file model39.txt (compact mmCIF, N, CA and C atoms)
# COMPACT_ATOMS: atom_id res chain seq x y z
N MET Z 1 174.25 100.96 77.25
CA MET Z 1 174.13 100.15 76.05
C MET Z 1 175.22 99.08 76.08
N GLY Z 2 174.86 97.80 75.93
CA GLY Z 2 175.83 96.72 75.97
C GLY Z 2 176.49 96.52 74.63
N GLU Z 3 177.43 95.58 74.57
CA GLU Z 3 178.15 95.28 73.32
C GLU Z 3 177.20 94.74 72.26
N ASP Z 4 176.20 93.96 72.69
CA ASP Z 4 175.31 93.31 71.73
C ASP Z 4 174.21 94.25 71.22
N ALA Z 5 174.01 95.38 71.88
CA ALA Z 5 172.96 96.31 71.46
C ALA Z 5 173.32 96.93 70.11
N LYS Z 6 172.33 97.00 69.26
CA LYS Z 6 172.55 97.56 67.92
C LYS Z 6 172.29 99.05 67.96
N LYS Z 7 173.16 99.82 67.37
CA LYS Z 7 172.98 101.26 67.26
C LYS Z 7 172.15 101.51 66.01
N VAL Z 8 171.16 102.39 66.12
CA VAL Z 8 170.29 102.73 65.00
C VAL Z 8 170.59 104.18 64.60
N PHE Z 9 170.85 104.37 63.31
CA PHE Z 9 171.20 105.68 62.77
C PHE Z 9 170.12 106.13 61.79
N THR Z 10 170.00 107.43 61.63
CA THR Z 10 169.11 107.96 60.60
C THR Z 10 169.93 108.13 59.32
N LEU Z 11 169.25 108.29 58.21
CA LEU Z 11 169.94 108.48 56.94
C LEU Z 11 170.74 109.78 56.96
N ALA Z 12 170.23 110.79 57.65
CA ALA Z 12 170.95 112.07 57.76
C ALA Z 12 172.28 111.89 58.48
N GLU Z 13 172.29 111.06 59.51
CA GLU Z 13 173.54 110.79 60.24
C GLU Z 13 174.52 110.03 59.36
N VAL Z 14 174.02 109.05 58.64
CA VAL Z 14 174.88 108.24 57.77
C VAL Z 14 175.43 109.09 56.62
N SER Z 15 174.63 110.02 56.14
CA SER Z 15 175.05 110.87 55.02
C SER Z 15 176.25 111.74 55.35
N LYS Z 16 176.48 111.99 56.62
CA LYS Z 16 177.64 112.80 57.04
C LYS Z 16 178.95 112.05 56.81
N HIS Z 17 178.87 110.75 56.64
CA HIS Z 17 180.06 109.90 56.45
C HIS Z 17 180.19 109.56 54.96
N SER Z 18 180.63 110.53 54.18
CA SER Z 18 180.66 110.32 52.73
C SER Z 18 181.95 110.86 52.11
N SER Z 19 183.06 110.61 52.77
CA SER Z 19 184.34 111.07 52.23
C SER Z 19 185.34 109.92 52.20
N LEU Z 20 186.49 110.17 51.59
CA LEU Z 20 187.53 109.14 51.54
C LEU Z 20 188.00 108.72 52.93
N LYS Z 21 187.99 109.66 53.86
CA LYS Z 21 188.50 109.40 55.22
C LYS Z 21 187.42 108.87 56.16
N ASP Z 22 186.15 108.88 55.69
CA ASP Z 22 185.04 108.45 56.54
C ASP Z 22 183.86 108.08 55.65
N CYS Z 23 183.73 106.80 55.33
CA CYS Z 23 182.74 106.36 54.34
C CYS Z 23 181.86 105.24 54.91
N TRP Z 24 180.56 105.53 55.01
CA TRP Z 24 179.58 104.55 55.47
C TRP Z 24 178.59 104.26 54.35
N LEU Z 25 178.17 103.00 54.28
CA LEU Z 25 177.19 102.57 53.29
C LEU Z 25 176.00 101.90 53.97
N VAL Z 26 174.83 102.05 53.39
CA VAL Z 26 173.62 101.38 53.86
C VAL Z 26 173.29 100.28 52.86
N ILE Z 27 173.33 99.04 53.35
CA ILE Z 27 173.03 97.89 52.48
C ILE Z 27 172.10 96.96 53.26
N GLU Z 28 170.93 96.69 52.70
CA GLU Z 28 169.92 95.81 53.29
C GLU Z 28 169.60 96.20 54.73
N GLY Z 29 169.47 97.50 54.98
CA GLY Z 29 169.07 97.97 56.30
C GLY Z 29 170.18 98.01 57.33
N LYS Z 30 171.39 97.64 56.93
CA LYS Z 30 172.53 97.66 57.85
C LYS Z 30 173.54 98.70 57.38
N ILE Z 31 174.28 99.24 58.34
CA ILE Z 31 175.27 100.28 58.03
C ILE Z 31 176.66 99.69 58.17
N TYR Z 32 177.49 99.97 57.18
CA TYR Z 32 178.87 99.47 57.16
C TYR Z 32 179.84 100.64 57.00
N ASP Z 33 180.87 100.65 57.85
CA ASP Z 33 181.94 101.64 57.74
C ASP Z 33 183.02 101.01 56.87
N VAL Z 34 183.06 101.42 55.60
CA VAL Z 34 183.98 100.81 54.64
C VAL Z 34 185.24 101.66 54.42
N THR Z 35 185.49 102.60 55.33
CA THR Z 35 186.64 103.50 55.19
C THR Z 35 187.94 102.71 55.03
N GLY Z 36 188.13 101.69 55.85
CA GLY Z 36 189.36 100.89 55.80
C GLY Z 36 189.47 100.00 54.57
N PHE Z 37 188.39 99.87 53.84
CA PHE Z 37 188.37 98.98 52.66
C PHE Z 37 188.44 99.76 51.35
N MET Z 38 188.46 101.09 51.45
CA MET Z 38 188.41 101.93 50.25
C MET Z 38 189.51 101.59 49.25
N GLU Z 39 190.75 101.50 49.71
CA GLU Z 39 191.88 101.25 48.81
C GLU Z 39 191.87 99.84 48.25
N ASP Z 40 191.31 98.89 49.00
CA ASP Z 40 191.33 97.49 48.58
C ASP Z 40 190.12 97.09 47.73
N HIS Z 41 189.13 97.94 47.64
CA HIS Z 41 187.92 97.59 46.90
C HIS Z 41 188.26 97.40 45.42
N PRO Z 42 187.90 96.24 44.84
CA PRO Z 42 188.25 95.95 43.44
C PRO Z 42 187.66 96.95 42.44
N GLY Z 43 186.53 97.54 42.75
CA GLY Z 43 185.91 98.51 41.84
C GLY Z 43 186.43 99.92 42.02
N GLY Z 44 187.26 100.12 43.02
CA GLY Z 44 187.80 101.45 43.27
C GLY Z 44 186.99 102.21 44.30
N GLU Z 45 187.61 103.22 44.85
CA GLU Z 45 186.97 104.00 45.90
C GLU Z 45 185.82 104.86 45.38
N GLU Z 46 185.86 105.23 44.08
CA GLU Z 46 184.80 106.06 43.52
C GLU Z 46 183.45 105.35 43.56
N VAL Z 47 183.49 104.02 43.36
CA VAL Z 47 182.26 103.24 43.38
C VAL Z 47 181.63 103.31 44.77
N LEU Z 48 182.45 103.17 45.79
CA LEU Z 48 181.93 103.23 47.15
C LEU Z 48 181.41 104.62 47.47
N LEU Z 49 182.17 105.64 47.09
CA LEU Z 49 181.74 107.01 47.37
C LEU Z 49 180.44 107.37 46.67
N SER Z 50 180.22 106.82 45.49
CA SER Z 50 179.00 107.14 44.75
C SER Z 50 177.76 106.51 45.39
N SER Z 51 177.96 105.58 46.30
CA SER Z 51 176.83 104.89 46.94
C SER Z 51 176.54 105.40 48.34
N THR Z 52 177.22 106.46 48.76
CA THR Z 52 176.99 107.00 50.10
C THR Z 52 175.75 107.89 50.13
N GLY Z 53 175.18 108.04 51.31
CA GLY Z 53 174.05 108.95 51.50
C GLY Z 53 172.73 108.44 50.97
N LYS Z 54 172.65 107.16 50.68
CA LYS Z 54 171.41 106.57 50.16
C LYS Z 54 171.40 105.09 50.50
N ASP Z 55 170.31 104.43 50.19
CA ASP Z 55 170.25 102.97 50.34
C ASP Z 55 171.00 102.37 49.16
N ALA Z 56 172.14 101.77 49.43
CA ALA Z 56 173.01 101.24 48.37
C ALA Z 56 172.75 99.77 48.07
N THR Z 57 171.64 99.24 48.54
CA THR Z 57 171.34 97.82 48.35
C THR Z 57 171.30 97.45 46.88
N ASP Z 58 170.59 98.25 46.07
CA ASP Z 58 170.50 97.94 44.63
C ASP Z 58 171.86 98.01 43.96
N ASP Z 59 172.67 98.99 44.35
CA ASP Z 59 174.03 99.11 43.79
C ASP Z 59 174.84 97.86 44.13
N PHE Z 60 174.75 97.43 45.38
CA PHE Z 60 175.51 96.28 45.85
C PHE Z 60 175.04 94.99 45.19
N GLU Z 61 173.75 94.77 45.16
CA GLU Z 61 173.20 93.54 44.58
C GLU Z 61 173.34 93.52 43.07
N GLY Z 62 173.29 94.67 42.44
CA GLY Z 62 173.36 94.74 40.98
C GLY Z 62 174.71 94.32 40.42
N ILE Z 63 175.75 94.43 41.22
CA ILE Z 63 177.09 94.06 40.78
C ILE Z 63 177.29 92.55 40.82
N GLY Z 64 176.59 91.88 41.72
CA GLY Z 64 176.75 90.43 41.84
C GLY Z 64 177.99 90.07 42.64
N HIS Z 65 178.08 90.57 43.86
CA HIS Z 65 179.22 90.29 44.73
C HIS Z 65 179.28 88.80 45.09
N SER Z 66 180.47 88.31 45.29
CA SER Z 66 180.68 86.91 45.65
C SER Z 66 180.27 86.66 47.09
N SER Z 67 180.15 85.39 47.46
CA SER Z 67 179.82 85.04 48.85
C SER Z 67 180.95 85.46 49.79
N THR Z 68 182.18 85.47 49.29
CA THR Z 68 183.33 85.92 50.09
C THR Z 68 183.19 87.40 50.41
N ALA Z 69 182.79 88.19 49.42
CA ALA Z 69 182.60 89.63 49.63
C ALA Z 69 181.49 89.88 50.64
N LYS Z 70 180.42 89.11 50.54
CA LYS Z 70 179.31 89.27 51.48
C LYS Z 70 179.72 88.87 52.89
N ALA Z 71 180.57 87.84 53.01
CA ALA Z 71 181.05 87.41 54.33
C ALA Z 71 181.95 88.47 54.96
N MET Z 72 182.69 89.21 54.15
CA MET Z 72 183.59 90.25 54.66
C MET Z 72 182.83 91.41 55.29
N MET Z 73 181.58 91.57 54.93
CA MET Z 73 180.81 92.73 55.38
C MET Z 73 180.65 92.78 56.90
N ASP Z 74 180.62 91.63 57.55
CA ASP Z 74 180.42 91.59 59.00
C ASP Z 74 181.47 92.40 59.76
N GLU Z 75 182.71 92.40 59.30
CA GLU Z 75 183.75 93.13 60.01
C GLU Z 75 183.61 94.64 59.89
N PHE Z 76 182.80 95.12 58.93
CA PHE Z 76 182.60 96.56 58.73
C PHE Z 76 181.27 97.05 59.32
N TYR Z 77 180.49 96.14 59.90
CA TYR Z 77 179.16 96.48 60.42
C TYR Z 77 179.25 97.49 61.56
N VAL Z 78 178.43 98.55 61.47
CA VAL Z 78 178.40 99.61 62.48
C VAL Z 78 177.08 99.60 63.24
N GLY Z 79 175.98 99.41 62.54
CA GLY Z 79 174.66 99.44 63.15
C GLY Z 79 173.58 99.30 62.10
N ASP Z 80 172.36 99.65 62.48
CA ASP Z 80 171.23 99.55 61.56
C ASP Z 80 170.72 100.94 61.20
N ILE Z 81 170.02 100.99 60.10
CA ILE Z 81 169.44 102.25 59.63
C ILE Z 81 167.98 102.31 60.09
N ASP Z 82 167.55 103.50 60.46
CA ASP Z 82 166.14 103.72 60.77
C ASP Z 82 165.42 103.78 59.42
N MET Z 83 164.71 102.72 59.08
CA MET Z 83 164.10 102.60 57.75
C MET Z 83 163.09 103.71 57.46
N ALA Z 84 162.56 104.34 58.50
CA ALA Z 84 161.61 105.43 58.29
C ALA Z 84 162.29 106.65 57.70
N THR Z 85 163.62 106.73 57.80
CA THR Z 85 164.34 107.90 57.28
C THR Z 85 164.78 107.72 55.83
N ILE Z 86 164.59 106.53 55.29
CA ILE Z 86 164.95 106.28 53.89
C ILE Z 86 163.74 106.59 53.03
N PRO Z 87 163.90 107.45 52.01
CA PRO Z 87 162.75 107.78 51.15
C PRO Z 87 162.21 106.55 50.45
N LYS Z 88 160.91 106.51 50.32
CA LYS Z 88 160.26 105.39 49.61
C LYS Z 88 160.61 105.46 48.13
N LYS Z 89 160.83 104.30 47.56
CA LYS Z 89 161.10 104.23 46.12
C LYS Z 89 159.77 104.33 45.39
N ARG Z 90 159.74 105.18 44.41
CA ARG Z 90 158.53 105.33 43.60
C ARG Z 90 158.81 104.84 42.19
N LYS Z 91 157.83 104.15 41.66
CA LYS Z 91 157.94 103.71 40.28
C LYS Z 91 157.61 104.90 39.39
N TYR Z 92 158.46 105.15 38.43
CA TYR Z 92 158.25 106.28 37.53
C TYR Z 92 157.15 105.95 36.53
N THR Z 93 156.18 106.82 36.47
CA THR Z 93 155.14 106.71 35.45
C THR Z 93 155.14 108.02 34.68
N PRO Z 94 155.37 107.95 33.39
CA PRO Z 94 155.40 109.18 32.59
C PRO Z 94 154.02 109.83 32.57
N PRO Z 95 153.98 111.14 32.47
CA PRO Z 95 152.68 111.81 32.41
C PRO Z 95 151.95 111.46 31.12
N LYS Z 96 150.65 111.43 31.22
CA LYS Z 96 149.85 111.10 30.03
C LYS Z 96 149.93 112.25 29.04
N GLN Z 97 150.21 111.92 27.80
CA GLN Z 97 150.33 112.91 26.75
C GLN Z 97 149.04 112.94 25.95
N PRO Z 98 148.47 114.10 25.74
CA PRO Z 98 147.27 114.15 24.90
C PRO Z 98 147.65 113.86 23.45
N TYR Z 99 146.66 113.37 22.70
CA TYR Z 99 146.91 113.09 21.28
C TYR Z 99 147.28 114.40 20.61
N TYR Z 100 148.34 114.36 19.84
CA TYR Z 100 148.82 115.57 19.19
C TYR Z 100 148.88 115.34 17.69
N ASN Z 101 148.09 116.08 16.94
CA ASN Z 101 148.10 116.01 15.48
C ASN Z 101 149.02 117.12 14.99
N GLN Z 102 150.21 116.75 14.55
CA GLN Z 102 151.23 117.75 14.20
C GLN Z 102 150.78 118.75 13.14
N ASP Z 103 150.12 118.26 12.12
CA ASP Z 103 149.77 119.17 11.03
C ASP Z 103 148.41 119.84 11.24
N LYS Z 104 147.74 119.56 12.33
CA LYS Z 104 146.47 120.19 12.70
C LYS Z 104 145.33 119.91 11.72
N THR Z 105 145.52 118.95 10.84
CA THR Z 105 144.47 118.59 9.89
C THR Z 105 143.47 117.69 10.60
N PRO Z 106 142.18 118.01 10.49
CA PRO Z 106 141.17 117.15 11.14
C PRO Z 106 141.21 115.73 10.57
N ASP Z 107 140.94 114.76 11.43
CA ASP Z 107 141.00 113.36 11.03
C ASP Z 107 140.05 113.01 9.88
N PHE Z 108 138.86 113.61 9.86
CA PHE Z 108 137.90 113.23 8.81
C PHE Z 108 138.39 113.66 7.43
N ILE Z 109 139.13 114.76 7.34
CA ILE Z 109 139.67 115.19 6.05
C ILE Z 109 140.72 114.20 5.56
N ILE Z 110 141.54 113.73 6.47
CA ILE Z 110 142.57 112.75 6.10
C ILE Z 110 141.91 111.48 5.58
N LYS Z 111 140.90 110.98 6.29
CA LYS Z 111 140.21 109.76 5.85
C LYS Z 111 139.50 109.97 4.51
N LEU Z 112 138.92 111.12 4.33
CA LEU Z 112 138.25 111.43 3.07
C LEU Z 112 139.25 111.45 1.91
N LEU Z 113 140.39 112.08 2.13
CA LEU Z 113 141.42 112.12 1.08
C LEU Z 113 141.99 110.74 0.80
N GLN Z 114 142.12 109.91 1.83
CA GLN Z 114 142.62 108.56 1.62
C GLN Z 114 141.66 107.76 0.73
N PHE Z 115 140.41 108.12 0.73
CA PHE Z 115 139.43 107.45 -0.11
C PHE Z 115 139.35 108.08 -1.51
N LEU Z 116 139.32 109.42 -1.57
CA LEU Z 116 139.11 110.10 -2.83
C LEU Z 116 140.33 110.14 -3.75
N VAL Z 117 141.52 110.29 -3.23
CA VAL Z 117 142.72 110.38 -4.08
C VAL Z 117 142.91 109.12 -4.91
N PRO Z 118 142.84 107.90 -4.35
CA PRO Z 118 142.97 106.72 -5.22
C PRO Z 118 141.87 106.62 -6.28
N ILE Z 119 140.63 107.02 -5.92
CA ILE Z 119 139.54 106.99 -6.91
C ILE Z 119 139.83 107.99 -8.03
N PHE Z 120 140.32 109.18 -7.70
CA PHE Z 120 140.67 110.18 -8.70
C PHE Z 120 141.76 109.65 -9.63
N ILE Z 121 142.78 109.00 -9.06
CA ILE Z 121 143.88 108.46 -9.87
C ILE Z 121 143.36 107.36 -10.80
N LEU Z 122 142.49 106.50 -10.29
CA LEU Z 122 141.89 105.46 -11.15
C LEU Z 122 141.06 106.07 -12.26
N GLY Z 123 140.26 107.08 -11.94
CA GLY Z 123 139.44 107.76 -12.95
C GLY Z 123 140.30 108.43 -14.00
N LEU Z 124 141.37 109.10 -13.58
CA LEU Z 124 142.29 109.75 -14.50
C LEU Z 124 142.95 108.72 -15.42
N ALA Z 125 143.39 107.61 -14.85
CA ALA Z 125 144.02 106.56 -15.66
C ALA Z 125 143.03 105.98 -16.67
N ALA Z 126 141.79 105.77 -16.23
CA ALA Z 126 140.76 105.24 -17.14
C ALA Z 126 140.45 106.25 -18.24
N GLY Z 127 140.37 107.55 -17.92
CA GLY Z 127 140.11 108.60 -18.90
C GLY Z 127 141.22 108.69 -19.93
N ILE Z 128 142.46 108.62 -19.50
CA ILE Z 128 143.60 108.67 -20.43
C ILE Z 128 143.57 107.46 -21.34
N ARG Z 129 143.30 106.30 -20.79
CA ARG Z 129 143.27 105.08 -21.59
C ARG Z 129 142.14 105.16 -22.63
N PHE Z 130 140.95 105.60 -22.20
CA PHE Z 130 139.83 105.73 -23.11
C PHE Z 130 140.13 106.76 -24.21
N TYR Z 131 140.73 107.89 -23.87
CA TYR Z 131 141.05 108.94 -24.84
C TYR Z 131 142.10 108.47 -25.84
N THR Z 132 143.15 107.82 -25.37
CA THR Z 132 144.21 107.36 -26.27
C THR Z 132 143.75 106.19 -27.13
N LYS Z 133 142.84 105.37 -26.68
CA LYS Z 133 142.36 104.22 -27.43
C LYS Z 133 141.40 104.66 -28.55
N SER Z 134 140.63 105.70 -28.30
CA SER Z 134 139.66 106.14 -29.29
C SER Z 134 140.31 106.89 -30.45
N GLN Z 135 141.54 107.29 -30.35
CA GLN Z 135 142.19 108.04 -31.45
C GLN Z 135 142.91 107.14 -32.36

call {"tool": "encode", "arguments": {"input": "model39.txt", "output": "structure tokens"}}
result
Amino acid sequence: MGEDAKKVFTLAEVSKHSSLKDCWLVIEGKIYDVTGFMEDHPGGEEVLLSSTGKDATDDFEGIGHSSTAKAMMDEFYVGDIDMATIPKKRKYTPPKQPYYNQDKTPDFIIKLLQFLVPIFILGLAAGIRFYTKSQ
């Protein structure tokens, strides 16, 4: 293997490098050994450690690193990741929930009461008015 040949690692191999003394990150399909940068990282070493053992591209891009930070990455480059070993991202879809009527009252009874109760109140009001007016 020559100097220019790229080493390809699996995610399992990269995951073994997840400590303060040996820290590798996967960003945009490339692997970086950031062990020497742990103390100097502006976000702290915990941020780097929390991104080990997975594809850290979203973590890296989500912070909005400067062009200077991105240029520094070349000196930490180790090799490439075998993309087949990275789990596919799945969009979360919640399970479908069946309609749940908490009080277990059938819908037709509710609709019937919504119609009859106002009519009953109107009739009662009219009866009281008629009774009090006739006396």

call {"tool": "atom_distance", "arguments": {"input": "model39.txt", "atom1": "atom C of Asp55 (chain Z)", "atom2": "CA of Ile86 (chain Z)"}}
result
8.6 Å

call {"tool": "residues_around", "arguments": {"input": "model39.txt", "residues": "Leu11 (chain Z)", "least_positions_apart": "3", "cutoff": "6 Å", "atoms": "all atoms listed in the file", "output": "JSON, numbers by chain"}}
result
{"Z": [14, 15, 82, 85, 86]}

call {"tool": "select_by_dssp", "arguments": {"input": "model39.txt", "residues": "region 17-128 of chain Z", "states": "strand (DSSP E)", "output": "ChimeraX atom specification"}}
result
/Z:18-19,22-27,30-33,77-81

call {"tool": "write_last_selection", "arguments": {"input": "model39.txt", "atoms": "N, CA and C atoms", "output": "mmCIF file, keeping the file's coordinate frame"}}
result
data_model
loop_
_atom_site.group_PDB
_atom_site.id
_atom_site.type_symbol
_atom_site.label_atom_id
_atom_site.label_comp_id
_atom_site.auth_asym_id
_atom_site.auth_seq_id
_atom_site.Cartn_x
_atom_site.Cartn_y
_atom_site.Cartn_z
ATOM 1 N N SER Z 18 180.630 110.530 54.180
ATOM 2 C CA SER Z 18 180.660 110.320 52.730
ATOM 3 C C SER Z 18 181.950 110.860 52.110
ATOM 4 N N SER Z 19 183.060 110.610 52.770
ATOM 5 C CA SER Z 19 184.340 111.070 52.230
ATOM 6 C C SER Z 19 185.340 109.920 52.200
ATOM 7 N N ASP Z 22 186.150 108.880 55.690
ATOM 8 C CA ASP Z 22 185.040 108.450 56.540
ATOM 9 C C ASP Z 22 183.860 108.080 55.650
ATOM 10 N N CYS Z 23 183.730 106.800 55.330
ATOM 11 C CA CYS Z 23 182.740 106.360 54.340
ATOM 12 C C CYS Z 23 181.860 105.240 54.910
ATOM 13 N N TRP Z 24 180.560 105.530 55.010
ATOM 14 C CA TRP Z 24 179.580 104.550 55.470
ATOM 15 C C TRP Z 24 178.590 104.260 54.350
ATOM 16 N N LEU Z 25 178.170 103.000 54.280
ATOM 17 C CA LEU Z 25 177.190 102.570 53.290
ATOM 18 C C LEU Z 25 176.000 101.900 53.970
ATOM 19 N N VAL Z 26 174.830 102.050 53.390
ATOM 20 C CA VAL Z 26 173.620 101.380 53.860
ATOM 21 C C VAL Z 26 173.290 100.280 52.860
ATOM 22 N N ILE Z 27 173.330 99.040 53.350
ATOM 23 C CA ILE Z 27 173.030 97.890 52.480
ATOM 24 C C ILE Z 27 172.100 96.960 53.260
ATOM 25 N N LYS Z 30 171.390 97.640 56.930
ATOM 26 C CA LYS Z 30 172.530 97.660 57.850
ATOM 27 C C LYS Z 30 173.540 98.700 57.380
ATOM 28 N N ILE Z 31 174.280 99.240 58.340
ATOM 29 C CA ILE Z 31 175.270 100.280 58.030
ATOM 30 C C ILE Z 31 176.660 99.690 58.170
ATOM 31 N N TYR Z 32 177.490 99.970 57.180
ATOM 32 C CA TYR Z 32 178.870 99.470 57.160
ATOM 33 C C TYR Z 32 179.840 100.640 57.000
ATOM 34 N N ASP Z 33 180.870 100.650 57.850
ATOM 35 C CA ASP Z 33 181.940 101.640 57.740
ATOM 36 C C ASP Z 33 183.020 101.010 56.870
ATOM 37 N N TYR Z 77 180.490 96.140 59.900
ATOM 38 C CA TYR Z 77 179.160 96.480 60.420
ATOM 39 C C TYR Z 77 179.250 97.490 61.560
ATOM 40 N N VAL Z 78 178.430 98.550 61.470
ATOM 41 C CA VAL Z 78 178.400 99.610 62.480
ATOM 42 C C VAL Z 78 177.080 99.600 63.240
ATOM 43 N N GLY Z 79 175.980 99.410 62.540
ATOM 44 C CA GLY Z 79 174.660 99.440 63.150
ATOM 45 C C GLY Z 79 173.580 99.300 62.100
ATOM 46 N N ASP Z 80 172.360 99.650 62.480
ATOM 47 C CA ASP Z 80 171.230 99.550 61.560
ATOM 48 C C ASP Z 80 170.720 100.940 61.200
ATOM 49 N N ILE Z 81 170.020 100.990 60.100
ATOM 50 C CA ILE Z 81 169.440 102.250 59.630
ATOM 51 C C ILE Z 81 167.980 102.310 60.090
#

call {"tool": "closest_residue", "arguments": {"input": "model39.txt", "among": "Z:Glu39, Z:Tyr32, Z:Ser18, Z:Ile27", "to": "Gly62 (chain Z)", "atoms": "only C-alpha atoms"}}
result
Z:Ile27

call {"tool": "atom_distance", "arguments": {"input": "model39.txt", "atom1": "CA of Met38 (chain Z)", "atom2": "CA of Lys88 (chain Z)"}}
result
28.4 Å

call {"tool": "residues_near_point", "arguments": {"input": "model39.txt", "point": "(167.1, 102.9, 52.0)", "cutoff": "7 Å", "atoms": "all atoms listed in the file", "output": "count of residues only"}}
result
10

call {"tool": "closest_residue", "arguments": {"input": "model39.txt", "among": "Z:Met73, Z:Ile110, Z:Val34, Z:Ile119", "to": "Lys21 (chain Z)", "atoms": "only N, CA and C atoms"}}
result
Z:Val34

call {"tool": "atom_distance", "arguments": {"input": "model39.txt", "atom1": "CA of Gly44 (chain Z)", "atom2": "atom N of Leu20 (chain Z)"}}
result
12.1 Å

call {"tool": "closest_residue", "arguments": {"input": "model39.txt", "among": "Z:Leu122, Z:Ile31, Z:Leu116, Z:Ile63", "to": "Val47 (chain Z)", "atoms": "only C-alpha atoms"}}
result
Z:Ile63

call {"tool": "select_by_dssp", "arguments": {"input": "model39.txt", "residues": "chain Z", "states": "helix (DSSP H, G or I)", "output": "JSON, numbers by chain"}}
result
{"Z": [11, 12, 13, 14, 15, 35, 36, 37, 45, 46, 47, 48, 49, 50, 57, 58, 59, 60, 61, 62, 63, 67, 68, 69, 70, 71, 72, 73, 74, 75, 76, 83, 84, 85, 107, 108, 109, 110, 111, 112, 113, 114, 115, 116, 117, 118, 119, 120, 121, 122, 123, 124, 125, 126, 127, 128, 129, 130, 131, 132, 133, 134]}

call {"tool": "closest_residue", "arguments": {"input": "model39.txt", "among": "Z:Val117, Z:Met72, Z:Glu61, Z:Gly53", "to": "His41 (chain Z)", "atoms": "only C-alpha atoms"}}
result
Z:Met72

call {"tool": "decode", "arguments": {"input": "model39.txt", "residues": "region 17-36 of chain Z", "atoms": "C-alpha atoms", "output": "mmCIF file, in the first residue's frame"}}
result
data_model
loop_
_atom_site.group_PDB
_atom_site.id
_atom_site.type_symbol
_atom_site.label_atom_id
_atom_site.label_comp_id
_atom_site.auth_asym_id
_atom_site.auth_seq_id
_atom_site.Cartn_x
_atom_site.Cartn_y
_atom_site.Cartn_z
ATOM 1 C CA HIS Z 17 -11.356 4.517 19.105
ATOM 2 C CA SER Z 18 -13.702 6.273 21.517
ATOM 3 C CA SER Z 19 -11.656 7.385 24.508
ATOM 4 C CA LEU Z 20 -9.757 10.479 25.615
ATOM 5 C CA LYS Z 21 -6.465 8.826 24.619
ATOM 6 C CA ASP Z 22 -7.741 7.543 21.254
ATOM 7 C CA CYS Z 23 -10.640 9.364 19.579
ATOM 8 C CA TRP Z 24 -11.741 8.955 15.953
ATOM 9 C CA LEU Z 25 -14.710 10.638 14.272
ATOM 10 C CA VAL Z 26 -16.571 9.875 11.041
ATOM 11 C CA ILE Z 27 -17.548 13.028 9.167
ATOM 12 C CA GLU Z 28 -18.818 13.019 5.563
ATOM 13 C CA GLY Z 29 -17.477 9.515 4.936
ATOM 14 C CA LYS Z 30 -13.973 10.347 6.151
ATOM 15 C CA ILE Z 31 -12.303 9.302 9.396
ATOM 16 C CA TYR Z 32 -10.387 11.770 11.546
ATOM 17 C CA ASP Z 33 -8.142 11.007 14.521
ATOM 18 C CA VAL Z 34 -8.907 13.990 16.763
ATOM 19 C CA THR Z 35 -7.027 12.682 19.815
ATOM 20 C CA GLY Z 36 -4.426 15.464 19.595
#
